[in-house]
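What follows is a set of notes on a single structure, which appears directly below.
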Amino acid sequence: MQKESCDILVIGAGPAGGVCASIAKISNPDKKIVVLREHEQQLVPCSIPYVFGNTLGTVENGLAPCGLPANMDIDSKVATVSDIDIKNKVAYYNDSEISFDKLVFATGSIPFVHESLQHSLDLEGVFTIAKNVELIKKLKDYSNEKQNIIVVGSGFIGIEIAMEFAGVGKNVTVVGGSEFILNRAFDSDIAQEAQKIVTDAGVKYIGSDRVVEIVDKNGDNIVNGVKLKSGRVVDADVVILATGYKPNTQLADKVGISLGHYGGIWVDDYMRTENLDIFAVGDCTARRGFISKAPSKVMLASTSAAEARVAGSSIYGIKYLKGMSGTISIFSTKIGDTVFASAGVTADKAEVKTNTTMIIGSFKGINRHPAKMPGTREQYVKLIVSRYSGQVLGGQVIGGDEVGEIINLIGHIIESGKSVYSVMSMQVATQPMLTGAPTNYPLIMAAIMAIKEMES
Ligand SMILES: Cc1cc2nc3c(=O)[nH]c(=O)nc-3n(C[C@H](O)[C@H](O)[C@H](O)COP(=O)(O)OP(=O)(O)OC[C@H]3O[C@@H](n4cnc5c(N)ncnc54)[C@H](O)[C@@H]3O)c2cc1C
């Protein structure tokens with residue numbers, strides 16, 4: 001057996017593992033850091049939907065080191081860790097062992113499939129969206145030969161995949177289980193706009209019904225469609241289950257690391273487990289909502305990377321008093337030519353989640369000025385605001401590509417506890433070819449609308 005030692009061992013090199021190793025190296029240049037990762041090649045997970053259509057075209061175009069540090073003197077090996085002796089600080093992989101001083105679990109997440117459908121995963125033509133090059137290639141090759149595709153799940157992953165397949169002429173049906181698509185991230189008024197673009201692109205949406213069975217009517221182990229709760233059967237050659245992810249914590253559980261809600265590894269605000277020499281980052285952790293502080297199932301590469309930066313800089317002592325005080329559900333997606341983005345709580349759920357009374361400030365403006373400037377399009381900003389403190393609890397934006405960054409600004413406003421009064425007097429850069437007008441900047445105007453509501 002080969003033996004080696006290091007100061008910091010990171011298990012997993014997805015967005016969280018790679019970023020954690022890099023920041024740990026920057027914070028501790030003299031420490032030896034080793035990253036063990038299961039696969040030689042990996043896909044940028046967020047790019048997976050785009051390999052099925054014309055956007056990326058091939059699985060190879062979605063490949064990238066994804067956060068793996070280049071030229072940073074970090075040792076990265078392809079190895080699956082099978083066991084860990086926590087007391088003696090030794091991890092085992094293949095025929096080797098490696099001792100460590102500090103350990104980081106960054107083992108990510110795996111597809112979640114409801115137990116009633118799990119037995120159908122063996123049927124030919126049934127797929128999940130695993131973050132695995134071989135399995136994604138298998139789905140791409142299989143679907144190339146087929147025409148009728150059902151996507152189960154109307155979250156952003158299901159919708160992005162459906163749109164890509166529709167774009168290459170497949171008959172796509174999404175079964176969502178909710179009246180509108182993207183219902184966790186958007187209020188129904190915004191979700192309806194997204195849904196219209198999706199259905200106009202030819203994707204059929206079955207909202208208020210759900211899949212109860214995957215059908216193999218000939219008994220030949222090849223899928224033929226799905227059966228819905230209403231009894232309706234929808235035919236298909238390919239069924240894709242985009243029904244969420246669960247923390248990959250089998251190894252952590254086996255070696256006695258405490259788990260929290262939804263099976264994630266329990267961590268404190270600095271991403272430390274109960275054992276202060278062991279950290280966990282990314283989708284494998286138990287998360288809580290930033291505002292509600294309630295258990296959260298949100299899994300995002302962006303917030304995983306934020307956790308990884310906190311852990312990486314805290315590994316040999318807390319360097320910055322900036323922990324993770326909860327996950328902000330923050331994401332954006334492009335549907336057709338329109339960007340939809342959301343951060344924090346939605347108005348439909350804010351009262352329930354935060355138990356505060358909230359108000360809404362919204363404004364429909366434009367992204368250039370004056371309106372005759374080339375590239376002008378509508379920009380709609382909706383802010384969800386605490387009536388009593390004026391703090392921004394959530395925001396949703398629709399518009400052009402710049403919305404992908406506007407939502408990040410809103411995320412920061414939420415995270416730093418800023419009120420609509422701060423947003424109203426925010427100093428911004430405006431320029432005719434680049435932004436809305438200084439007099440009518442949509443984000444600021446939405447804050448003003450909220451203030452008007454608060455003061456009425
Ligand atoms: C199709 C799709 C689209 C997405 N789009 C977005 C998006 O647009 N924006 C966004 O923010 N998020 C998006 N996400 C979510 C995002 O991909 C995840 O939140 C992110 O991958 C989590 O990163 P992670 O490093 O924690 O885990 P993972 O990416 O799951 O990586 C964990 C790694 O650990 C390795 N590993 C596990 N066990 C072991 C072991 N025992 N030994 C060695 N290695 C091990 C795994 O092989 C894997 O490489 C998307 C996810 C999917 C699936």
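Residue numbering restarts at 1 for every chain of the structure tokens, chains are lettered A, B, ... in their displayed order, and ligands are numbered from 1 as they appear.
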Name the residues, by chain letter and number, that sit within 7 Å of ligand 1 using only C-alpha atoms and all ligand atoms, and give them as a PyMOL selection string.
chain A and resi 11-17+36-39+42+45-49+79-82+106-110+129-131+157+248+251+281-284+299-304+331-333
Can you pull out the residues contacting Val233 (chain A)? Cut-off 10 Å, using only C-alpha atoms, and skip same-chain residues under 3 positions away; I want them as a ChimeraX atom specification.
/A:211,213-215,224-230,236
Set the distance at 10 Å and use only C-alpha atoms: which residues neighbour region 419-430 of chain A once local chain neighbours fewer than 2 positions away are removed? I'd like the list as an NGL selection string. :A and (361 or 367-369 or 383-386 or 389-393 or 410 or 413-414 or 416-417 or 432-439 or 441 or 443-451)
Between A:Met373, A:Val345, A:Asn275, A:Ser314, smallest distance to Val298 (chain A) by only C-alpha atoms belongs to A:Val345
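Atom pair CA of Ala185 (chain A) / CA of Asp348 (chain A): separated by 9.9 Å.
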Nearest to Tyr316 (chain A), restricted to only C-alpha atoms and choosing among A:Ser96, A:Lys102, A:Asn54, A:Thr173, comes out as A:Lys102
* Enumerate the residues of region 221-367 of chain A with a DSSP assignment of alpha helix (DSSP H), computed from the backbone, and present them as a list in words. =>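 Those in region 221-367 of chain A that DSSP calls alpha helix (DSSP H) are Gln250, Leu251, Ala252, Asp253, Lys254, Ala301, Ser302, Thr303, Ser304, Ala305, Ala306, Glu307, Ala308, Arg309, Val310, Ala311, Gly312, Ser313, Ser314, Ala347, Asp348, Lys349, Ala350, Glu351, Val352, Lys353 and Thr354 of chain A.
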File dump, residues just selected, N, CA and C atoms, as a compact mmCIF listing (two decimals), in the first residue's frame:
```
# COMPACT_ATOMS: atom_id res chain seq x y z
N GLN A 250 -22.85 9.37 1.82
CA GLN A 250 -22.68 7.97 2.25
C GLN A 250 -21.36 7.77 2.98
N LEU A 251 -20.28 8.31 2.41
CA LEU A 251 -18.95 8.14 3.01
C LEU A 251 -18.89 8.84 4.37
N ALA A 252 -19.39 10.08 4.43
CA ALA A 252 -19.35 10.83 5.69
C ALA A 252 -20.13 10.08 6.77
N ASP A 253 -21.27 9.58 6.40
CA ASP A 253 -22.12 8.85 7.35
C ASP A 253 -21.41 7.59 7.84
N LYS A 254 -20.80 6.87 6.88
CA LYS A 254 -20.10 5.61 7.21
C LYS A 254 -18.98 5.84 8.25
N ALA A 301 -24.23 25.97 -7.56
CA ALA A 301 -22.77 26.03 -7.67
C ALA A 301 -22.25 27.33 -7.07
N SER A 302 -23.01 28.42 -7.27
CA SER A 302 -22.54 29.73 -6.82
C SER A 302 -22.46 29.79 -5.30
N THR A 303 -23.50 29.30 -4.63
CA THR A 303 -23.48 29.36 -3.16
C THR A 303 -22.54 28.28 -2.60
N SER A 304 -22.37 27.18 -3.35
CA SER A 304 -21.38 26.16 -2.93
C SER A 304 -19.99 26.77 -2.94
N ALA A 305 -19.70 27.57 -3.97
CA ALA A 305 -18.38 28.20 -4.07
C ALA A 305 -18.20 29.22 -2.94
N ALA A 306 -19.28 29.91 -2.56
CA ALA A 306 -19.18 30.87 -1.45
C ALA A 306 -18.83 30.12 -0.15
N GLU A 307 -19.49 28.99 0.06
CA GLU A 307 -19.17 28.18 1.26
C GLU A 307 -17.72 27.73 1.22
N ALA A 308 -17.27 27.35 0.02
CA ALA A 308 -15.90 26.86 -0.13
C ALA A 308 -14.89 27.96 0.21
N ARG A 309 -15.21 29.20 -0.14
CA ARG A 309 -14.29 30.32 0.17
C ARG A 309 -14.25 30.56 1.68
N VAL A 310 -15.41 30.42 2.31
CA VAL A 310 -15.44 30.58 3.78
C VAL A 310 -14.59 29.48 4.43
N ALA A 311 -14.81 28.24 4.02
CA ALA A 311 -14.05 27.13 4.63
C ALA A 311 -12.56 27.26 4.33
N GLY A 312 -12.23 27.55 3.07
CA GLY A 312 -10.82 27.61 2.67
C GLY A 312 -10.05 28.65 3.46
N SER A 313 -10.73 29.75 3.82
CA SER A 313 -10.01 30.79 4.56
C SER A 313 -10.13 30.61 6.07
N SER A 314 -10.84 29.59 6.51
CA SER A 314 -11.01 29.38 7.97
C SER A 314 -10.31 28.11 8.46
N ALA A 347 -42.56 36.45 -3.20
CA ALA A 347 -43.71 37.06 -2.51
C ALA A 347 -44.75 36.00 -2.18
N ASP A 348 -44.94 35.03 -3.07
CA ASP A 348 -45.94 33.99 -2.83
C ASP A 348 -45.64 33.25 -1.54
N LYS A 349 -44.36 33.15 -1.19
CA LYS A 349 -44.01 32.33 -0.02
C LYS A 349 -43.41 33.13 1.13
N ALA A 350 -43.22 34.44 0.96
CA ALA A 350 -42.48 35.21 1.97
C ALA A 350 -43.14 35.19 3.34
N GLU A 351 -44.44 35.34 3.38
CA GLU A 351 -45.11 35.40 4.68
C GLU A 351 -44.93 34.08 5.41
N VAL A 352 -45.04 33.00 4.64
CA VAL A 352 -44.94 31.68 5.24
C VAL A 352 -43.52 31.44 5.72
N LYS A 353 -42.56 31.80 4.89
CA LYS A 353 -41.17 31.45 5.20
C LYS A 353 -40.59 32.30 6.30
N THR A 354 -40.93 33.56 6.35
CA THR A 354 -40.23 34.45 7.27
C THR A 354 -41.13 34.93 8.40
```
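Picture a line from CA of Asn148 (chain A) to CA of Arg232 (chain A); it runs 16.5 Å.
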Using only C-alpha atoms, the shortest atom-to-atom distance to Leu117 (chain A) among A:Val234, A:Ser5, A:Val239, A:Phe156 belongs to A:Val239
If you run DSSP on the backbone here, which positions in region 361-450 of chain A get strand (DSSP E)? Please write them as a list of chain:residue names.
A:Gly361, A:Ser362, A:Phe363, A:Lys364, A:Gly365, A:Ile366, A:Glu378, A:Gln379, A:Tyr380, A:Val381, A:Lys382, A:Leu383, A:Ile384, A:Val385, A:Ser386, A:Val392, A:Leu393, A:Gly394, A:Gly395, A:Gln396, A:Val397, A:Ile398, A:Gly399
(Q) With only C-alpha atoms as the counted atoms, please give the residues lying no more than 8 Å from region 27-34 of chain A, apart from itself and same-chain residues fewer than 3 positions off, as a ChimeraX atom specification. (A) /A:6-10,21,23-24,74-77,312-313,316
Asn61 (chain A) environment, 9 Å, only C-alpha atoms, sequence neighbours closer than 5 positions dropped, as a PDB file with N, CA and C atoms, in the first residue's frame:
```pdb
ATOM      1  N   LEU A  43     -17.795  17.475 -16.254  1.00  0.00           N
ATOM      2  CA  LEU A  43     -18.573  18.506 -16.943  1.00  0.00           C
ATOM      3  C   LEU A  43     -18.763  19.694 -16.026  1.00  0.00           C
ATOM      4  N   SER A  47     -23.562  23.501 -17.204  1.00  0.00           N
ATOM      5  CA  SER A  47     -23.615  23.510 -18.666  1.00  0.00           C
ATOM      6  C   SER A  47     -24.311  22.259 -19.222  1.00  0.00           C
ATOM      7  N   VAL A  51     -25.659  20.708 -23.549  1.00  0.00           N
ATOM      8  CA  VAL A  51     -25.014  19.729 -24.434  1.00  0.00           C
ATOM      9  C   VAL A  51     -26.060  18.973 -25.260  1.00  0.00           C
ATOM     10  N   LEU A  56     -24.376  24.062 -26.916  1.00  0.00           N
ATOM     11  CA  LEU A  56     -23.007  23.527 -26.850  1.00  0.00           C
ATOM     12  C   LEU A  56     -22.798  22.422 -27.891  1.00  0.00           C
TER      13      LEU A  56
END
```
Near Trp266 (chain A), within 12 Å and counting only C-alpha atoms, which residues show up once chain neighbours fewer than 2 positions away are dropped, as a PyMOL selection string?
chain A and resi 105+247+249+252-253+256-264+268-276+278-288+295
Looking at A:Glu60, A:Glu455, A:Asp337, A:Glu40, which one is nearest to Ile136 (chain A), with distances taken over only C-alpha atoms?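 Ranking A:Glu60, A:Glu455, A:Asp337, A:Glu40 by distance to Ile136 (chain A), first place goes to A:Glu60.
Using only C-alpha atoms, the shortest contact distance between Val90 (chain A) and any of A:Ala162, A:Val267, A:Val255, A:Ile330 is found at A:Val255.
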Using only C-alpha atoms, the residue out of A:Ala343, A:Gly202, A:Glu193, A:Pro374 with shortest distance to Gly399 (chain A) is A:Glu193
